[in-house]
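A.B. asks: One structure follows; several queries about it will come next.
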Amino acid sequence: MSHLLEPDTPLLHEWLLRAAAATPYAIAVEEDDRTTSFGELVESACALAATLRARGIQTGDRVAIVLPKTTEAVTAVFGCLLAGAVYVPIHPRWPADRIAAVVEDCGARLIFEEADSVVRLTGARGESPVRWDDALASPHGALPSPGRCDEDAAVILFTSGSTGRPKGVVLSHRAVAAFVRWSAAEFGIGAADRIVCPAPLGFDLSTFDLFNMALCGATCVLVPENIGWMPRFLVRYAAEKRVTAWYSVPSILSRMLRNGGMGVGVCPALHVVLFAGEVISGSDLALLTAAVPGAICANLYGPTETNVVTFYRIPGQFDGAAPPPIGRACPFAEVLVDESAGELLAGGESLMTGYWNRPDDNARAFVNRNGSLYYRTGDRVRLSSDGNLVFAGRLDRQVKRHGYRIELGEIETAISRNPAILEVGVVATQEQDKGIVITAFIGTGPAGGRLSLLEVKAHCAASLPPYMVPDRVRFVESVPRGTRGKLDYSALEKLARE
Amino acid sequence: MDVKQEIRGYVVEHFLPGGQGLDETTPLISGGVIDSIGMLGLVSFIESRFGIEFMPREVDAHALDNLKMIEAVIDRKLAAKQG
């Protein structure tokens, strides 16, 4: 099969076909005590692709994957790509309304989901579901070529939207391939690697393990959901699985180092530890470099819209008090600092195609500089004396909590849907020991009719993911406003700190 | 020792000041009271307070979603420890 494939194909699913042709018996996916070889993975993914095509999926159609990161989910990703479709990962623990809204927004015609502990393929318009085992039983001797090119969309990642609706970031095969190829070369990922990335499929981090597996013939080690819950389970799992390469948000590493018993020699096989998605503290980084001496540790930076665009390799044992810089541009990326606001502009090969179905957001997101397109990251940066970029805060109301990206405006929209609430302002403050704390101020009017804290939290949980539910709710007669009638967020932040 | 009261006290102190409306069947995780990071703290508190250790399959959002369920898991583990 491999002689039919371009050696440098930029199509993600063709990487998998090539790996399966080269090493069909090598382990592609390992999930607890279950292993799947490259040959088996391709066999299953091709069968799924044939099922998708038989159910009417055409090139460029969207297919939602509402599954935890399991072997089935990984198979579904490659099944979609082999069918020429675009996969749309959605976290199964999101509220049903939010899942339905995303499925509708992206126009997914088919959905992989779990019902009564069985994975099935259902139609968005109520067609009869196909059980997983039946979906795998499709004959697929001659899978039609989906006729894709590298500019075509591979995945849509939905992220928090400031106007109250999640927005879909469209990434092409080329954009994903640029990051994955570079990461393999930069960090020496190869067939012997056993990679863990304990991020849901809907995070851009999950392009690292899935597609390095396909590109390099490495093993993607999946973390069962109940193991990911507790730091000490996760550390034990990483040690038992002899994990060699790791990529996660810093929050998870912090818990493993501080509460999970991850000390020197616990994970001796680890040779690459990458982190991204939020700022890692200097003290966590010192613990990390002490726990994995000799491993490459690197801080990767980039919003979902561009995937990773800059990186900083931690030089040996880190003993700085401040967080590390975000470093310098990856070779496939272009970064500029907008002089007026100090905003980082990012472009190059990994840049998103655009937001799905959001012309207004696209008009705001992109800027043309010197004939090239850049994404306005909203991140303020400064250049340090040694030429590294240093993150210096946000220009808007986006916050990161436990690595999750949160638009405070989306929380306000969700809360204000409750007719008993007159007005609401949401702020995030940094607290010692607790990190980012989200406080919602709810205006009840002079009559003071009020919901309970429990009711507000339950109302939020019905439409927002758990990490977006406010930690605190303060009932006030009216939410402070400035002279022009706009909510006074600095006054709210001050109140929140009291 | 009243297990349920101790857990209730922890939840009220950390997640639900005042505790208004909290009863033994109030959904804690699916109801937005505790997120997964908060659950981590609760499980650590239970382990150190009652001297028990959770196994991976026992730490699950569905199995620990209200005070009654949490109490049942603790009682079972305490009984197994003594037996």
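Ordering of the structure tokens sets the chain letters (A, B, ...), residue numbers begin anew at 1 in every chain, and ligands are numbered from 1 in the order given.
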Name the residues in contact with Ile74 (chain B) at a cut-off of 12 Å, using only C-alpha atoms, excluding same-chain residues fewer than 5 positions from it; report them as a ChimeraX atom specification.

C.D. replies: /B:1-4,6-7,43,45-54,58-59,63-64,67-69,79-81

A.B. asks: Would you save the residues from that selection as a PDB file, in the first residue's frame, using N, CA and C atoms?

C.D. replies:
ATOM      1  N   MET B   1     -19.119   8.828  64.401  1.00  0.00           N
ATOM      2  CA  MET B   1     -18.825   9.860  63.408  1.00  0.00           C
ATOM      3  C   MET B   1     -19.928   9.891  62.354  1.00  0.00           C
ATOM      4  N   ASP B   2     -20.468  11.057  62.110  1.00  0.00           N
ATOM      5  CA  ASP B   2     -21.530  11.162  61.113  1.00  0.00           C
ATOM      6  C   ASP B   2     -20.885  11.542  59.778  1.00  0.00           C
ATOM      7  N   VAL B   3     -20.711  10.519  58.953  1.00  0.00           N
ATOM      8  CA  VAL B   3     -20.000  10.702  57.685  1.00  0.00           C
ATOM      9  C   VAL B   3     -20.670  11.780  56.831  1.00  0.00           C
ATOM     10  N   LYS B   4     -21.987  11.694  56.724  1.00  0.00           N
ATOM     11  CA  LYS B   4     -22.703  12.605  55.830  1.00  0.00           C
ATOM     12  C   LYS B   4     -22.531  14.064  56.280  1.00  0.00           C
ATOM     13  N   GLU B   6     -20.063  15.338  57.952  1.00  0.00           N
ATOM     14  CA  GLU B   6     -18.684  15.794  57.690  1.00  0.00           C
ATOM     15  C   GLU B   6     -18.507  16.178  56.222  1.00  0.00           C
ATOM     16  N   ILE B   7     -19.055  15.350  55.337  1.00  0.00           N
ATOM     17  CA  ILE B   7     -18.920  15.633  53.900  1.00  0.00           C
ATOM     18  C   ILE B   7     -19.714  16.898  53.563  1.00  0.00           C
ATOM     19  N   VAL B  43     -12.096  14.268  47.312  1.00  0.00           N
ATOM     20  CA  VAL B  43     -11.626  12.884  47.453  1.00  0.00           C
ATOM     21  C   VAL B  43     -10.388  12.836  48.357  1.00  0.00           C
ATOM     22  N   PHE B  45      -9.686  14.926  50.731  1.00  0.00           N
ATOM     23  CA  PHE B  45     -10.164  15.168  52.097  1.00  0.00           C
ATOM     24  C   PHE B  45     -10.731  13.869  52.694  1.00  0.00           C
ATOM     25  N   ILE B  46     -11.548  13.180  51.920  1.00  0.00           N
ATOM     26  CA  ILE B  46     -12.172  11.946  52.418  1.00  0.00           C
ATOM     27  C   ILE B  46     -11.102  10.908  52.750  1.00  0.00           C
ATOM     28  N   GLU B  47     -10.116  10.784  51.858  1.00  0.00           N
ATOM     29  CA  GLU B  47      -9.062   9.782  52.080  1.00  0.00           C
ATOM     30  C   GLU B  47      -8.301  10.048  53.372  1.00  0.00           C
ATOM     31  N   SER B  48      -7.946  11.317  53.589  1.00  0.00           N
ATOM     32  CA  SER B  48      -7.149  11.582  54.794  1.00  0.00           C
ATOM     33  C   SER B  48      -8.025  11.577  56.049  1.00  0.00           C
ATOM     34  N   ARG B  49      -9.280  12.062  55.941  1.00  0.00           N
ATOM     35  CA  ARG B  49     -10.148  12.136  57.115  1.00  0.00           C
ATOM     36  C   ARG B  49     -10.560  10.752  57.612  1.00  0.00           C
ATOM     37  N   PHE B  50     -10.859   9.842  56.669  1.00  0.00           N
ATOM     38  CA  PHE B  50     -11.372   8.531  57.058  1.00  0.00           C
ATOM     39  C   PHE B  50     -10.339   7.405  56.918  1.00  0.00           C
ATOM     40  N   GLY B  51      -9.135   7.765  56.488  1.00  0.00           N
ATOM     41  CA  GLY B  51      -8.076   6.759  56.378  1.00  0.00           C
ATOM     42  C   GLY B  51      -8.386   5.677  55.359  1.00  0.00           C
ATOM     43  N   ILE B  52      -8.983   6.049  54.270  1.00  0.00           N
ATOM     44  CA  ILE B  52      -9.289   5.061  53.228  1.00  0.00           C
ATOM     45  C   ILE B  52      -8.629   5.487  51.925  1.00  0.00           C
ATOM     46  N   GLU B  53      -8.571   4.567  50.973  1.00  0.00           N
ATOM     47  CA  GLU B  53      -7.956   4.895  49.689  1.00  0.00           C
ATOM     48  C   GLU B  53      -8.890   4.485  48.562  1.00  0.00           C
ATOM     49  N   PHE B  54      -9.124   5.424  47.669  1.00  0.00           N
ATOM     50  CA  PHE B  54     -10.000   5.133  46.520  1.00  0.00           C
ATOM     51  C   PHE B  54      -9.220   4.392  45.435  1.00  0.00           C
ATOM     52  N   GLU B  58     -13.554   3.655  41.396  1.00  0.00           N
ATOM     53  CA  GLU B  58     -14.494   4.232  42.371  1.00  0.00           C
ATOM     54  C   GLU B  58     -14.604   5.754  42.259  1.00  0.00           C
ATOM     55  N   VAL B  59     -13.608   6.358  41.616  1.00  0.00           N
ATOM     56  CA  VAL B  59     -13.635   7.816  41.502  1.00  0.00           C
ATOM     57  C   VAL B  59     -14.275   8.174  40.169  1.00  0.00           C
ATOM     58  N   ALA B  63     -20.675   8.022  40.188  1.00  0.00           N
ATOM     59  CA  ALA B  63     -20.747   7.262  41.445  1.00  0.00           C
ATOM     60  C   ALA B  63     -20.669   8.160  42.680  1.00  0.00           C
ATOM     61  N   LEU B  64     -20.294   9.422  42.492  1.00  0.00           N
ATOM     62  CA  LEU B  64     -20.091  10.304  43.663  1.00  0.00           C
ATOM     63  C   LEU B  64     -20.863  11.611  43.485  1.00  0.00           C
ATOM     64  N   LEU B  67     -24.471  13.523  48.209  1.00  0.00           N
ATOM     65  CA  LEU B  67     -23.978  13.180  49.543  1.00  0.00           C
ATOM     66  C   LEU B  67     -24.299  11.739  49.902  1.00  0.00           C
ATOM     67  N   LYS B  68     -25.472  11.277  49.487  1.00  0.00           N
ATOM     68  CA  LYS B  68     -25.897   9.916  49.810  1.00  0.00           C
ATOM     69  C   LYS B  68     -24.963   8.886  49.157  1.00  0.00           C
ATOM     70  N   MET B  69     -24.638   9.132  47.902  1.00  0.00           N
ATOM     71  CA  MET B  69     -23.760   8.200  47.187  1.00  0.00           C
ATOM     72  C   MET B  69     -22.356   8.218  47.782  1.00  0.00           C
ATOM     73  N   ALA B  79     -16.199  -0.401  56.118  1.00  0.00           N
ATOM     74  CA  ALA B  79     -16.591  -1.753  56.532  1.00  0.00           C
ATOM     75  C   ALA B  79     -15.565  -2.773  56.036  1.00  0.00           C
ATOM     76  N   ALA B  80     -15.121  -2.599  54.794  1.00  0.00           N
ATOM     77  CA  ALA B  80     -14.139  -3.523  54.216  1.00  0.00           C
ATOM     78  C   ALA B  80     -12.827  -3.445  54.991  1.00  0.00           C
ATOM     79  N   LYS B  81     -12.493  -2.240  55.432  1.00  0.00           N
ATOM     80  CA  LYS B  81     -11.252  -2.030  56.173  1.00  0.00           C
ATOM     81  C   LYS B  81     -11.293  -2.742  57.530  1.00  0.00           C
TER      82      LYS B  81
END

A.B. asks: Would you write out, as CSV, a table of all residues in chain B that have an atom no more than 6 Å from an atom of chain A, listing for each the closest atom pair and the distance in Å to one decimal, considering only C-alpha atoms and ordering rows by chain and rising residue number?

C.D. replies:
residue,atom,partner,partner_atom,distance
B:Gly31,CA,A:Ala458,CA,4.7
B:Gly32,CA,A:Ala461,CA,4.7
B:Asp35,CA,A:Pro466,CA,5.4
B:Pro56,CA,A:Ile227,CA,5.4
B:Arg57,CA,A:Asn226,CA,5.9
B:Asp60,CA,A:Asn226,CA,6.0

A.B. asks: Output the selection as a short mmCIF file (atom, residue, chain, number, x, y, z; two decimals), in the first residue's frame - C-alpha atoms for each residue.

C.D. replies:
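Result file selection-v6.cif:
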data_model
loop_
_atom_site.label_atom_id
_atom_site.label_comp_id
_atom_site.auth_asym_id
_atom_site.auth_seq_id
_atom_site.Cartn_x
_atom_site.Cartn_y
_atom_site.Cartn_z
CA GLY B 31 -25.58 20.22 39.25
CA GLY B 32 -22.54 22.44 38.85
CA ASP B 35 -16.09 20.62 39.11
CA PRO B 56 -9.60 4.29 39.96
CA ARG B 57 -12.98 2.70 39.19
CA ASP B 60 -16.30 8.58 38.98
#

A.B. asks: Could you state the separation of CA of Pro324 (chain A) and CA of Ser162 (chain A) in Å, given to one decimal place?

C.D. replies: 28.3 Å

A.B. asks: Please, which residues of region 203-404 of chain A, numbered as in this document, come out strand (DSSP E) from DSSP, as a PyMOL selection string?

C.D. replies: chain A and resi 219-222+245-248+272-275+296-301+310-313+328-329+333-338+343-348+354-355+366-369+372-383+389-394+398-401+404

A.B. asks: Could you work out how far CA of Ala191 (chain A) lies from CA of Ala28 (chain A), giving the answer in Å with one decimal?

C.D. replies: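 Computing the Euclidean distance for CA of Ala28 (chain A) and CA of Ala191 (chain A) yields 9.7 Å.
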
A.B. asks: Closest to Gly347 (chain A) among A:Val63, A:Leu157, A:Ala175, A:Val243, using only C-alpha atoms?

C.D. replies: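 Among the listed residues, A:Ala175 lies closest to Gly347 (chain A).
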
A.B. asks: Would you list the contacts of Gly38 (chain B) as an MDAnalysis selection string, taking every protein, DNA or RNA residue within 10 Å and counting only C-alpha atoms, but skipping same-chain residues closer than 2 positions in sequence?

C.D. replies: (chainID A and resid 467) or (chainID B and resid 11 14:15 29 33:36 40:44)

A.B. asks: Might you pull out every residue within 12 Å of Lys486 (chain A), with only C-alpha atoms counted and same-chain residues fewer than 4 positions away left off, and present them as a ChimeraX atom specification?

C.D. replies: /A:423-425,479-482,490-491

A.B. asks: Emit the selected residues as a PDB file, in the first residue's frame, including C-alpha atoms.

C.D. replies:
ATOM      1  CA  GLU A 423     -28.454  41.809  35.123  1.00  0.00           C
ATOM      2  CA  VAL A 424     -25.177  40.005  35.588  1.00  0.00           C
ATOM      3  CA  GLY A 425     -21.454  40.751  35.492  1.00  0.00           C
ATOM      4  CA  VAL A 479     -24.368  45.707  39.187  1.00  0.00           C
ATOM      5  CA  PRO A 480     -21.986  48.707  39.156  1.00  0.00           C
ATOM      6  CA  ARG A 481     -21.852  50.597  35.867  1.00  0.00           C
ATOM      7  CA  GLY A 482     -19.593  53.308  34.477  1.00  0.00           C
ATOM      8  CA  SER A 490     -12.706  46.941  37.479  1.00  0.00           C
ATOM      9  CA  ALA A 491     -15.170  47.832  40.250  1.00  0.00           C
TER      10      ALA A 491
END

A.B. asks: Given the choices A:Asn388, A:Ser183, A:Ser44, A:Asn299, which gets closest to Leu215 (chain A) if the distance is worked out from only C-alpha atoms?

C.D. replies: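 Nearest to Leu215 (chain A): A:Ser183.
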
A.B. asks: Please extract the residues of chain B with a backbone DSSP assignment of alpha helix (DSSP H) and present them as a ChimeraX atom specification.

C.D. replies: /B:3-14,36-50,67-82

A.B. asks: Using only C-alpha atoms, which protein or nucleic acid residues come within 10 Å of Arg328 (chain A)? Drop anything in the same chain fewer than 6 positions from it, and give the result as a compact mmCIF listing (two decimals) with C-alpha atoms, in the first residue's frame.

C.D. replies:
# COMPACT_ATOMS: atom_id res chain seq x y z
CA LEU A 300 4.64 25.51 23.88
CA TYR A 301 2.45 28.48 23.10
CA VAL A 309 3.42 28.92 17.10
CA THR A 310 6.20 29.57 19.62
CA PHE A 311 8.19 27.37 21.98
CA TYR A 312 10.80 27.61 24.68
CA ARG A 313 13.06 24.74 25.67
CA GLU A 334 5.23 33.75 11.56
CA VAL A 335 4.82 35.95 14.62
CA LEU A 383 10.42 40.85 24.10
CA GLY A 387 15.18 37.69 22.36
CA ASN A 388 12.44 35.50 23.85
CA LEU A 389 8.79 36.50 23.86
CA VAL A 390 7.22 36.77 27.30

A.B. asks: Name the residues in contact with Cys220 (chain A) at a cut-off of 12 Å, using only C-alpha atoms, excluding same-chain residues fewer than 4 positions from it; report them as a PyMOL selection string.

C.D. replies: chain A and resi 26-32+34-38+41+69-71+74-75+189-198+206-216+241-247

A.B. asks: Save the residues we just selected, N, CA and C atoms, as a short mmCIF file (atom, residue, chain, number, x, y, z; two decimals), in the first residue's frame?

C.D. replies:
data_model
loop_
_atom_site.label_atom_id
_atom_site.label_comp_id
_atom_site.auth_asym_id
_atom_site.auth_seq_id
_atom_site.Cartn_x
_atom_site.Cartn_y
_atom_site.Cartn_z
N ALA A 26 2.79 -3.41 14.90
CA ALA A 26 3.19 -2.53 16.01
C ALA A 26 1.93 -1.97 16.67
N ILE A 27 2.06 -1.60 17.94
CA ILE A 27 0.87 -1.11 18.66
C ILE A 27 0.66 0.36 18.36
N ALA A 28 -0.52 0.67 17.85
CA ALA A 28 -0.87 2.06 17.53
C ALA A 28 -1.54 2.73 18.72
N VAL A 29 -2.47 2.01 19.35
CA VAL A 29 -3.23 2.59 20.46
C VAL A 29 -3.23 1.62 21.64
N GLU A 30 -2.94 2.14 22.82
CA GLU A 30 -2.99 1.33 24.03
C GLU A 30 -3.88 2.05 25.03
N GLU A 31 -4.87 1.37 25.54
CA GLU A 31 -5.82 1.97 26.48
C GLU A 31 -6.00 1.01 27.63
N ASP A 32 -5.40 1.30 28.77
CA ASP A 32 -5.39 0.39 29.91
C ASP A 32 -4.79 -0.95 29.45
N ARG A 34 -5.84 -2.82 26.95
CA ARG A 34 -6.30 -3.14 25.61
C ARG A 34 -5.35 -2.52 24.58
N THR A 35 -4.91 -3.32 23.62
CA THR A 35 -4.01 -2.78 22.60
C THR A 35 -4.60 -2.98 21.20
N THR A 36 -4.28 -2.04 20.31
CA THR A 36 -4.75 -2.11 18.92
C THR A 36 -3.54 -1.87 18.01
N SER A 37 -3.30 -2.80 17.10
CA SER A 37 -2.15 -2.64 16.19
C SER A 37 -2.50 -1.66 15.07
N PHE A 38 -1.47 -1.21 14.36
CA PHE A 38 -1.73 -0.32 13.22
C PHE A 38 -2.61 -1.02 12.18
N LEU A 41 -6.11 -1.00 13.48
CA LEU A 41 -6.68 0.35 13.49
C LEU A 41 -7.10 0.76 12.07
N LYS A 69 -11.95 10.23 25.13
CA LYS A 69 -10.80 9.86 24.28
C LYS A 69 -10.48 8.37 24.47
N THR A 70 -11.16 7.55 23.70
CA THR A 70 -11.02 6.10 23.79
C THR A 70 -10.48 5.56 22.46
N THR A 71 -10.24 4.25 22.43
CA THR A 71 -9.81 3.61 21.18
C THR A 71 -10.86 3.84 20.09
N VAL A 74 -10.55 7.38 18.69
CA VAL A 74 -9.40 7.53 17.79
C VAL A 74 -9.71 6.87 16.44
N THR A 75 -10.34 5.69 16.50
CA THR A 75 -10.72 4.99 15.25
C THR A 75 -11.70 5.86 14.46
N ILE A 189 10.62 12.54 18.20
CA ILE A 189 9.59 11.50 18.37
C ILE A 189 9.79 10.43 17.29
N GLY A 190 9.74 9.16 17.68
CA GLY A 190 9.93 8.06 16.72
C GLY A 190 9.05 6.88 17.06
N ALA A 191 9.25 5.78 16.31
CA ALA A 191 8.39 4.61 16.43
C ALA A 191 8.42 4.00 17.83
N ALA A 192 9.52 4.19 18.55
CA ALA A 192 9.63 3.59 19.88
C ALA A 192 8.88 4.39 20.94
N ASP A 193 8.38 5.56 20.56
CA ASP A 193 7.76 6.42 21.58
C ASP A 193 6.37 5.93 22.00
N ARG A 194 6.09 6.17 23.27
CA ARG A 194 4.78 5.86 23.85
C ARG A 194 4.28 7.19 24.42
N ILE A 195 3.28 7.74 23.71
CA ILE A 195 2.89 9.13 23.95
C ILE A 195 1.59 9.23 24.75
N VAL A 196 1.61 10.08 25.77
CA VAL A 196 0.37 10.38 26.50
C VAL A 196 0.04 11.86 26.36
N CYS A 197 -1.22 12.12 26.05
CA CYS A 197 -1.72 13.49 26.05
C CYS A 197 -3.10 13.44 26.71
N PRO A 198 -3.15 13.70 28.03
CA PRO A 198 -4.43 13.55 28.74
C PRO A 198 -5.35 14.76 28.54
N SER A 206 -4.56 17.49 21.46
CA SER A 206 -4.77 16.11 21.02
C SER A 206 -4.35 15.85 19.58
N THR A 207 -3.89 16.89 18.88
CA THR A 207 -3.31 16.61 17.56
C THR A 207 -1.92 15.99 17.72
N PHE A 208 -1.29 16.23 18.88
CA PHE A 208 0.08 15.77 19.09
C PHE A 208 0.17 14.25 19.16
N ASP A 209 -0.63 13.64 20.05
CA ASP A 209 -0.50 12.19 20.23
C ASP A 209 -1.13 11.42 19.07
N LEU A 210 -2.31 11.84 18.61
CA LEU A 210 -2.99 11.10 17.55
C LEU A 210 -2.17 11.08 16.27
N PHE A 211 -1.66 12.26 15.90
CA PHE A 211 -1.04 12.30 14.57
C PHE A 211 0.46 12.04 14.61
N ASN A 212 1.12 12.16 15.77
CA ASN A 212 2.49 11.66 15.85
C ASN A 212 2.48 10.14 15.83
N MET A 213 1.44 9.54 16.40
CA MET A 213 1.28 8.09 16.29
C MET A 213 1.26 7.71 14.81
N ALA A 214 0.44 8.41 14.02
CA ALA A 214 0.29 8.08 12.61
C ALA A 214 1.56 8.42 11.81
N LEU A 215 2.16 9.57 12.11
CA LEU A 215 3.33 10.03 11.35
C LEU A 215 4.56 9.17 11.63
N CYS A 216 4.77 8.85 12.91
CA CYS A 216 6.02 8.21 13.31
C CYS A 216 5.88 6.70 13.56
N LYS A 241 2.97 2.28 32.22
CA LYS A 241 2.91 2.22 30.75
C LYS A 241 4.23 2.62 30.10
N ARG A 242 5.24 2.89 30.91
CA ARG A 242 6.56 3.31 30.41
C ARG A 242 6.43 4.41 29.36
N VAL A 243 5.70 5.44 29.74
CA VAL A 243 5.45 6.55 28.83
C VAL A 243 6.75 7.30 28.55
N THR A 244 6.98 7.63 27.29
CA THR A 244 8.23 8.31 26.92
C THR A 244 8.02 9.78 26.56
N ALA A 245 6.82 10.13 26.09
CA ALA A 245 6.57 11.52 25.69
C ALA A 245 5.23 11.97 26.26
N TRP A 246 5.22 13.17 26.81
CA TRP A 246 4.05 13.67 27.53
C TRP A 246 3.70 15.07 27.04
N TYR A 247 2.40 15.34 26.88
CA TYR A 247 1.98 16.70 26.49
C TYR A 247 0.66 16.99 27.18
#
